[in-house]
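Below is data03.pdb, which holds PDB, C-alpha atoms.
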```pdb
ATOM      1  CA  MET Z   1      14.679  -3.259  23.554
ATOM      2  CA  ILE Z   2      11.466  -1.855  22.069
ATOM      3  CA  ARG Z   3      10.090  -3.975  19.243
ATOM      4  CA  LYS Z   4       9.279  -2.022  16.088
ATOM      5  CA  THR Z   5       5.750  -1.981  14.712
ATOM      6  CA  VAL Z   6       4.441  -1.690  11.153
ATOM      7  CA  PHE Z   7       0.988  -0.288  10.449
ATOM      8  CA  ILE Z   8      -0.461  -1.578   7.166
ATOM      9  CA  THR Z   9      -3.775  -0.420   5.736
ATOM     10  CA  GLY Z  10      -5.766  -3.050   3.862
ATOM     11  CA  GLY Z  11      -4.486  -6.153   5.600
ATOM     12  CA  SER Z  12      -7.263  -8.382   4.303
ATOM     13  CA  GLY Z  13      -6.006  -8.084   0.707
ATOM     14  CA  GLY Z  14      -3.318 -10.089  -1.035
ATOM     15  CA  ILE Z  15      -0.577  -7.453  -0.969
ATOM     16  CA  GLY Z  16      -1.444  -6.189   2.509
ATOM     17  CA  SER Z  17      -1.426  -9.642   4.067
ATOM     18  CA  ALA Z  18       1.837 -10.562   2.307
ATOM     19  CA  CYS Z  19       3.427  -7.384   3.683
ATOM     20  CA  ALA Z  20       2.180  -8.192   7.188
ATOM     21  CA  ILE Z  21       3.765 -11.650   7.084
ATOM     22  CA  LYS Z  22       7.052 -10.309   5.708
ATOM     23  CA  PHE Z  23       7.367  -7.771   8.522
ATOM     24  CA  ALA Z  24       6.283 -10.307  11.160
ATOM     25  CA  GLN Z  25       8.929 -12.735   9.928
ATOM     26  CA  ASN Z  26      11.465  -9.987  10.586
ATOM     27  CA  GLY Z  27      10.320  -9.366  14.138
ATOM     28  CA  TYR Z  28       7.903  -6.471  13.697
ATOM     29  CA  ASN Z  29       4.653  -6.207  15.586
ATOM     30  CA  VAL Z  30       1.814  -5.753  13.105
ATOM     31  CA  ALA Z  31      -1.198  -3.441  13.111
ATOM     32  CA  THR Z  32      -3.505  -3.532  10.134
ATOM     33  CA  THR Z  33      -6.906  -2.416   8.917
ATOM     34  CA  TYR Z  34      -9.780  -3.925   7.016
ATOM     35  CA  LEU Z  35     -13.121  -2.716   5.725
ATOM     36  CA  THR Z  36     -14.412  -5.963   4.302
ATOM     37  CA  GLY Z  37     -12.947  -9.432   4.568
ATOM     38  CA  SER Z  38     -11.146 -10.929   7.538
ATOM     39  CA  THR Z  39      -7.701 -10.642   9.101
ATOM     40  CA  GLU Z  40      -8.053 -13.587  11.494
ATOM     41  CA  ASN Z  41      -5.699 -15.749   9.452
ATOM     42  CA  LEU Z  42      -3.075 -13.030   9.823
ATOM     43  CA  ARG Z  43      -3.659 -12.977  13.559
ATOM     44  CA  SER Z  44      -2.863 -16.675  13.905
ATOM     45  CA  GLN Z  45       0.190 -16.446  11.649
ATOM     46  CA  CYS Z  46       1.582 -13.515  13.627
ATOM     47  CA  ALA Z  47       0.970 -15.399  16.878
ATOM     48  CA  ASN Z  48       2.953 -18.336  15.500
ATOM     49  CA  LEU Z  49       5.784 -15.939  14.651
ATOM     50  CA  GLY Z  50       5.791 -14.549  18.184
ATOM     51  CA  VAL Z  51       4.787 -10.965  17.380
ATOM     52  CA  GLU Z  52       1.839  -8.885  18.514
ATOM     53  CA  PHE Z  53      -1.038  -8.273  16.135
ATOM     54  CA  GLU Z  54      -3.985  -5.894  16.152
ATOM     55  CA  SER Z  55      -6.608  -5.277  13.502
ATOM     56  CA  TYR Z  56      -8.936  -2.297  13.152
ATOM     57  CA  LYS Z  57     -11.958  -1.652  10.953
ATOM     58  CA  MET Z  58     -11.287   1.567   9.041
ATOM     59  CA  ASP Z  59     -12.954   3.346   6.138
ATOM     60  CA  MET Z  60     -10.366   5.184   4.023
ATOM     61  CA  ARG Z  61     -13.098   7.511   2.757
ATOM     62  CA  ASP Z  62     -13.956   8.750   6.253
ATOM     63  CA  GLU Z  63     -11.583  11.304   7.789
ATOM     64  CA  THR Z  64     -12.854  10.586  11.300
ATOM     65  CA  SER Z  65     -12.350   6.844  10.875
ATOM     66  CA  VAL Z  66      -8.787   7.340   9.617
ATOM     67  CA  LYS Z  67      -7.817   9.716  12.430
ATOM     68  CA  LYS Z  68      -9.380   7.508  15.107
ATOM     69  CA  THR Z  69      -7.587   4.411  13.835
ATOM     70  CA  PHE Z  70      -4.171   6.089  13.640
ATOM     71  CA  ASP Z  71      -4.623   7.398  17.175
ATOM     72  CA  GLN Z  72      -5.527   3.891  18.392
ATOM     73  CA  VAL Z  73      -2.533   2.262  16.707
ATOM     74  CA  PHE Z  74       0.034   4.786  17.949
ATOM     75  CA  LYS Z  75      -1.409   4.580  21.463
ATOM     76  CA  ARG Z  76      -1.501   0.766  21.487
ATOM     77  CA  PHE Z  77       2.088   0.166  20.350
ATOM     78  CA  ASP Z  78       5.262   1.595  21.854
ATOM     79  CA  TYR Z  79       7.025   2.446  18.598
ATOM     80  CA  VAL Z  80       5.409   2.514  15.155
ATOM     81  CA  ASP Z  81       8.326   2.783  12.757
ATOM     82  CA  VAL Z  82       6.615   2.136   9.407
ATOM     83  CA  VAL Z  83       3.257   2.942   7.815
ATOM     84  CA  VAL Z  84       2.347   1.112   4.603
ATOM     85  CA  CYS Z  85      -0.571   2.786   2.808
ATOM     86  CA  ASN Z  86      -1.831  -0.156   0.823
ATOM     87  CA  ALA Z  87      -5.638  -0.125   0.973
ATOM     88  CA  GLY Z  88      -7.343   0.706  -2.301
ATOM     89  CA  ILE Z  89      -9.878  -0.433  -4.851
ATOM     90  CA  ALA Z  90     -10.120  -1.071  -8.569
ATOM     91  CA  ASP Z  91     -13.157  -0.843 -10.840
ATOM     92  CA  LYS Z  92     -14.190  -2.885 -13.828
ATOM     93  CA  GLU Z  93     -12.586  -1.755 -17.062
ATOM     94  CA  MET Z  94     -14.819   0.760 -18.789
ATOM     95  CA  LEU Z  95     -14.554   3.500 -21.379
ATOM     96  CA  PHE Z  96     -13.962   6.793 -19.597
ATOM     97  CA  ALA Z  97     -17.024   8.308 -21.326
ATOM     98  CA  ASP Z  98     -19.238   5.590 -19.828
ATOM     99  CA  LEU Z  99     -17.898   5.687 -16.259
ATOM    100  CA  PRO Z 100     -20.662   6.707 -13.804
ATOM    101  CA  GLN Z 101     -19.932   9.625 -11.492
ATOM    102  CA  LYS Z 102     -20.450   7.448  -8.411
ATOM    103  CA  ASN Z 103     -17.662   5.137  -9.592
ATOM    104  CA  ILE Z 104     -15.364   8.108 -10.157
ATOM    105  CA  ASP Z 105     -16.101   9.478  -6.698
ATOM    106  CA  ASN Z 106     -15.507   6.107  -5.034
ATOM    107  CA  LEU Z 107     -12.135   5.649  -6.741
ATOM    108  CA  LEU Z 108     -11.008   9.174  -5.927
ATOM    109  CA  ASN Z 109     -12.224   9.093  -2.330
ATOM    110  CA  THR Z 110     -10.762   5.669  -1.578
ATOM    111  CA  ASN Z 111      -7.496   5.524  -3.506
ATOM    112  CA  LEU Z 112      -6.342   9.126  -3.637
ATOM    113  CA  ARG Z 113      -8.099  11.069  -0.881
ATOM    114  CA  GLY Z 114      -7.879   8.062   1.462
ATOM    115  CA  THR Z 115      -4.159   7.672   0.865
ATOM    116  CA  ILE Z 116      -3.656  11.401   1.391
ATOM    117  CA  LEU Z 117      -5.522  11.207   4.711
ATOM    118  CA  CYS Z 118      -3.410   8.245   5.841
ATOM    119  CA  ASN Z 119      -0.176   9.953   4.811
ATOM    120  CA  GLN Z 120      -1.189  13.077   6.699
ATOM    121  CA  GLU Z 121      -1.903  11.165   9.906
ATOM    122  CA  ALA Z 122       1.328   9.175   9.582
ATOM    123  CA  PHE Z 123       3.265  12.380   8.919
ATOM    124  CA  LYS Z 124       1.821  14.032  12.038
ATOM    125  CA  LYS Z 125       2.876  11.083  14.199
ATOM    126  CA  PHE Z 126       6.337  10.803  12.664
ATOM    127  CA  LEU Z 127       6.979  14.536  13.096
ATOM    128  CA  LYS Z 128       6.735  14.018  16.845
ATOM    129  CA  GLN Z 129       9.120  11.053  16.672
ATOM    130  CA  LYS Z 130      11.501  12.813  14.273
ATOM    131  CA  HIS Z 131      11.723   9.514  12.439
ATOM    132  CA  GLY Z 132       9.592   7.190  10.330
ATOM    133  CA  SER Z 133       9.081   5.515   6.979
ATOM    134  CA  ILE Z 134       5.977   5.715   4.789
ATOM    135  CA  VAL Z 135       5.548   3.335   1.852
ATOM    136  CA  ASN Z 136       2.641   3.987  -0.499
ATOM    137  CA  ILE Z 137       1.254   1.425  -2.925
ATOM    138  CA  SER Z 138       0.735   2.892  -6.386
ATOM    139  CA  SER Z 139       0.611   0.978  -9.692
ATOM    140  CA  ILE Z 140       2.344   0.826 -13.055
ATOM    141  CA  PHE Z 141      -0.868   2.425 -14.338
ATOM    142  CA  GLY Z 142       0.037   5.446 -12.221
ATOM    143  CA  ILE Z 143       3.168   5.813 -14.360
ATOM    144  CA  ASN Z 144       2.011   5.012 -17.896
ATOM    145  CA  GLY Z 145      -1.765   4.934 -17.509
ATOM    146  CA  GLY Z 146      -4.057   2.086 -18.458
ATOM    147  CA  PRO Z 147      -6.728   2.158 -21.173
ATOM    148  CA  CYS Z 148     -10.246   1.826 -19.760
ATOM    149  CA  GLU Z 149      -8.674   2.511 -16.325
ATOM    150  CA  ALA Z 150      -8.412   6.294 -16.624
ATOM    151  CA  VAL Z 151      -9.613   7.314 -13.158
ATOM    152  CA  TYR Z 152      -7.846   4.417 -11.412
ATOM    153  CA  SER Z 153      -4.657   5.488 -13.229
ATOM    154  CA  ALA Z 154      -5.223   9.094 -12.130
ATOM    155  CA  THR Z 155      -5.538   8.049  -8.486
ATOM    156  CA  LYS Z 156      -2.358   5.998  -8.633
ATOM    157  CA  GLY Z 157      -0.519   8.796 -10.437
ATOM    158  CA  GLY Z 158      -1.638  11.150  -7.698
ATOM    159  CA  ILE Z 159      -0.136   8.816  -5.109
ATOM    160  CA  ILE Z 160       3.201   9.027  -6.923
ATOM    161  CA  ALA Z 161       3.096  12.834  -6.919
ATOM    162  CA  LEU Z 162       2.147  12.819  -3.230
ATOM    163  CA  THR Z 163       5.065  10.508  -2.452
ATOM    164  CA  LYS Z 164       7.605  12.680  -4.246
ATOM    165  CA  ALA Z 165       6.367  15.923  -2.673
ATOM    166  CA  LEU Z 166       6.093  14.537   0.844
ATOM    167  CA  SER Z 167       9.551  12.966   0.671
ATOM    168  CA  VAL Z 168      11.104  16.419   0.313
ATOM    169  CA  GLU Z 169       8.924  17.880   3.063
ATOM    170  CA  GLY Z 170       9.721  15.025   5.426
ATOM    171  CA  ALA Z 171      13.469  14.777   4.845
ATOM    172  CA  PRO Z 172      14.513  17.403   7.446
ATOM    173  CA  TYR Z 173      12.617  15.393  10.061
ATOM    174  CA  LYS Z 174      14.143  12.032   9.049
ATOM    175  CA  ILE Z 175      10.843  10.902   7.553
ATOM    176  CA  ARG Z 176      11.307   8.880   4.390
ATOM    177  CA  VAL Z 177       8.467   8.469   1.872
ATOM    178  CA  ASN Z 178       8.641   6.008  -1.007
ATOM    179  CA  ALA Z 179       6.210   4.042  -3.156
ATOM    180  CA  VAL Z 180       5.932   0.676  -4.851
ATOM    181  CA  ALA Z 181       4.242   0.433  -8.243
ATOM    182  CA  PRO Z 182       3.138  -3.184  -8.833
ATOM    183  CA  GLY Z 183       2.376  -4.640 -12.218
ATOM    184  CA  TYR Z 184       0.068  -7.610 -12.751
ATOM    185  CA  ILE Z 185      -0.191  -9.250  -9.323
ATOM    186  CA  ASP Z 186      -2.297 -12.258  -8.301
ATOM    187  CA  THR Z 187      -4.752 -10.552  -5.933
ATOM    188  CA  LYS Z 188      -8.497  -9.993  -5.576
ATOM    189  CA  MET Z 189      -8.147  -7.150  -8.072
ATOM    190  CA  THR Z 190      -7.056  -9.575 -10.799
ATOM    191  CA  ALA Z 191      -9.196 -12.523  -9.709
ATOM    192  CA  HIS Z 192     -11.804 -11.642 -12.345
ATOM    193  CA  PHE Z 193      -9.288 -12.063 -15.194
ATOM    194  CA  THR Z 194     -10.295 -14.649 -17.763
ATOM    195  CA  ASP Z 195      -7.734 -17.220 -18.898
ATOM    196  CA  GLU Z 196      -7.253 -15.134 -22.034
ATOM    197  CA  GLU Z 197      -6.646 -11.981 -20.007
ATOM    198  CA  LYS Z 198      -4.165 -13.788 -17.749
ATOM    199  CA  ALA Z 199      -2.322 -15.099 -20.801
ATOM    200  CA  HIS Z 200      -2.184 -11.568 -22.211
ATOM    201  CA  ALA Z 201      -0.794 -10.213 -18.926
ATOM    202  CA  VAL Z 202       1.900 -12.893 -18.937
ATOM    203  CA  SER Z 203       2.746 -12.120 -22.575
ATOM    204  CA  MET Z 204       3.217  -8.450 -21.660
ATOM    205  CA  THR Z 205       5.585  -9.340 -18.810
ATOM    206  CA  PRO Z 206       9.212 -10.113 -19.768
ATOM    207  CA  LEU Z 207       9.622 -12.415 -16.748
ATOM    208  CA  ALA Z 208       6.629 -14.333 -18.142
ATOM    209  CA  ARG Z 209       4.509 -14.741 -15.031
ATOM    210  CA  ILE Z 210       1.953 -12.997 -12.885
ATOM    211  CA  GLY Z 211       3.482 -11.514  -9.751
ATOM    212  CA  GLN Z 212       2.628 -12.613  -6.227
ATOM    213  CA  GLY Z 213       1.866 -10.554  -3.144
ATOM    214  CA  ALA Z 214       5.178 -11.712  -1.693
ATOM    215  CA  ASP Z 215       7.035 -10.078  -4.600
ATOM    216  CA  VAL Z 216       5.555  -6.720  -3.652
ATOM    217  CA  ALA Z 217       6.116  -7.338   0.068
ATOM    218  CA  GLU Z 218       9.855  -7.797  -0.506
ATOM    219  CA  ALA Z 219      10.066  -4.386  -2.175
ATOM    220  CA  VAL Z 220       7.968  -2.742   0.528
ATOM    221  CA  PHE Z 221      10.148  -4.188   3.274
ATOM    222  CA  PHE Z 222      13.323  -2.990   1.564
ATOM    223  CA  LEU Z 223      11.998   0.569   1.276
ATOM    224  CA  ALA Z 224      10.704   0.545   4.852
ATOM    225  CA  ASN Z 225      13.764  -0.577   6.788
ATOM    226  CA  ASP Z 226      17.246   0.777   7.360
ATOM    227  CA  SER Z 227      18.654  -1.069   4.350
ATOM    228  CA  SER Z 228      17.299   1.834   2.296
ATOM    229  CA  SER Z 229      18.175   4.592   4.770
ATOM    230  CA  PHE Z 230      19.435   6.842   1.940
ATOM    231  CA  VAL Z 231      16.403   6.259  -0.284
ATOM    232  CA  THR Z 232      13.418   8.607  -0.338
ATOM    233  CA  GLY Z 233      11.025   9.894  -2.990
ATOM    234  CA  GLU Z 234      11.558   6.778  -5.108
ATOM    235  CA  ILE Z 235       8.974   4.756  -7.021
ATOM    236  CA  LEU Z 236      10.038   1.108  -7.170
ATOM    237  CA  THR Z 237       8.257  -0.830  -9.906
ATOM    238  CA  VAL Z 238       7.552  -4.506  -9.240
ATOM    239  CA  SER Z 239       6.234  -5.465 -12.639
ATOM    240  CA  GLY Z 240       8.365  -8.293 -13.983
ATOM    241  CA  GLY Z 241       9.771  -5.844 -16.511
ATOM    242  CA  VAL Z 242       6.534  -4.461 -17.971
ATOM    243  CA  LEU Z 243       7.870  -0.898 -17.675
ATOM    244  CA  ARG Z 244      11.078  -1.605 -19.543
ATOM    245  CA  PHE Z 245      10.892   1.140 -22.155
TER     246      PHE Z 245
END
```
Produce structure tokens that represent the structure in this file.
Amino acid sequence: MIRKTVFITGGSGGIGSACAIKFAQNGYNVATTYLTGSTENLRSQCANLGVEFESYKMDMRDETSVKKTFDQVFKRFDYVDVVVCNAGIADKEMLFADLPQKNIDNLLNTNLRGTILCNQEAFKKFLKQKHGSIVNISSIFGINGGPCEAVYSATKGGIIALTKALSVEGAPYKIRVNAVAPGYIDTKMTAHFTDEEKAHAVSMTPLARIGQGADVAEAVFFLANDSSSFVTGEILTVSGGVLRF
């Protein structure tokens, strides 16, 4: 029996690493990427769970880097069943009028263009297999938008549109494409929150807590595996009820 493999971009982050552990716990081999940070802790955890693990340095902004990494992963593992496009960045909150062009370019090139490049490479590979599942990580800001987060919101909204369009294109080839839109999650992106900002986030969340990477990982795993075999083009919010209206 061939063991399935998940390929997760951004494995050094809170959501990416939580997804890697969730899949490993369910018997998947794990391939992941990093640009900064380390994935060595993931390597040891996957070894303890008895699954194979490989990590690759990849720059989402670089088409050559993305293509090379996808080729390496699909050559290294017998059967890559799932690609989770998780890697992305946030910027400090700033009035749109004050946002420097270099910040805009970095957000667009990393979050939106980078996710498009990863989806395209995954789609090419899955077309040959006639099967596969892509899960993109968006944000609640991609649905409703966030003040002082205009460009970040635009990138995450673009990921939602990409997901919906690609799900229709991929359906005849048994390629499913879905997305998860997290709310306030305890990750590096929210590590800069002051106590007051954390309290505000909790007050905005009906379930009255900040989410954890594991909360997002559960949703990603559901959308990726055969439990959701009749689900495609969906955006699953993991926000503790923030998007309730």
| task | Using the chain letters and residue numbers of this document, give as a PyMOL selection string the residues selected by the PyMOL selection byres ((chain Z and resi 202) around 12). | result | chain Z and resi 183-186+193+195-201+203-211+239-242
| task | Would you translate the PyMOL selection byres ((chain Z and resi 112) around 12) into the concrete set of residues it matches in this file, as an NGL selection string? | result | :Z and (60-61 or 85-90 or 104-111 or 113-119 or 136-138 or 142 or 151-163)
| For Lys174 in chain Z, which of Z:Ser55, Z:Asn26, Z:Thr232, Z:Thr64 is the closest residue, counting all atoms listed in the file? |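 Counting all atoms listed in the file, the residue closest to Lys174 in chain Z is Z:Thr232.
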| message | Just want the 9 Å neighbourhood of Asp81 in chain Z, counted on only C-alpha atoms, with same-chain residues fewer than 4 positions away dropped. Output as a PyMOL selection string. | response | chain Z and resi 4-7+126+131-134+224-225
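When only C-alpha atoms are used to measure the gap to Ala214 in chain Z, the shortest distance among Z:Thr9, Z:Thr194, Z:Ser228, Z:Thr187 belongs to Z:Thr187.
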| task | For the structure provided, state which residues fall under the PyMOL selection byres ((chain Z and resi 22) around 12), and present them as a PyMOL selection string. | result | chain Z and resi 6+8+15-21+23-30+42+45-46+49+51+213-222+224-225
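Each of Z:Glu93, Z:Leu127, Z:Val84, Z:Ser139 was checked against Pro172 in chain Z using only C-alpha atoms; the smallest atom-to-atom distance is that of Z:Leu127.
For the pair CA of Leu166 in chain Z and CA of Ile235 in chain Z, the interatomic distance is 12.9 Å.
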| message | One decimal, in Å: what's the spacing between CA of Thr237 in chain Z and CA of Val83 in chain Z? | response |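 A separation of 18.8 Å between them.
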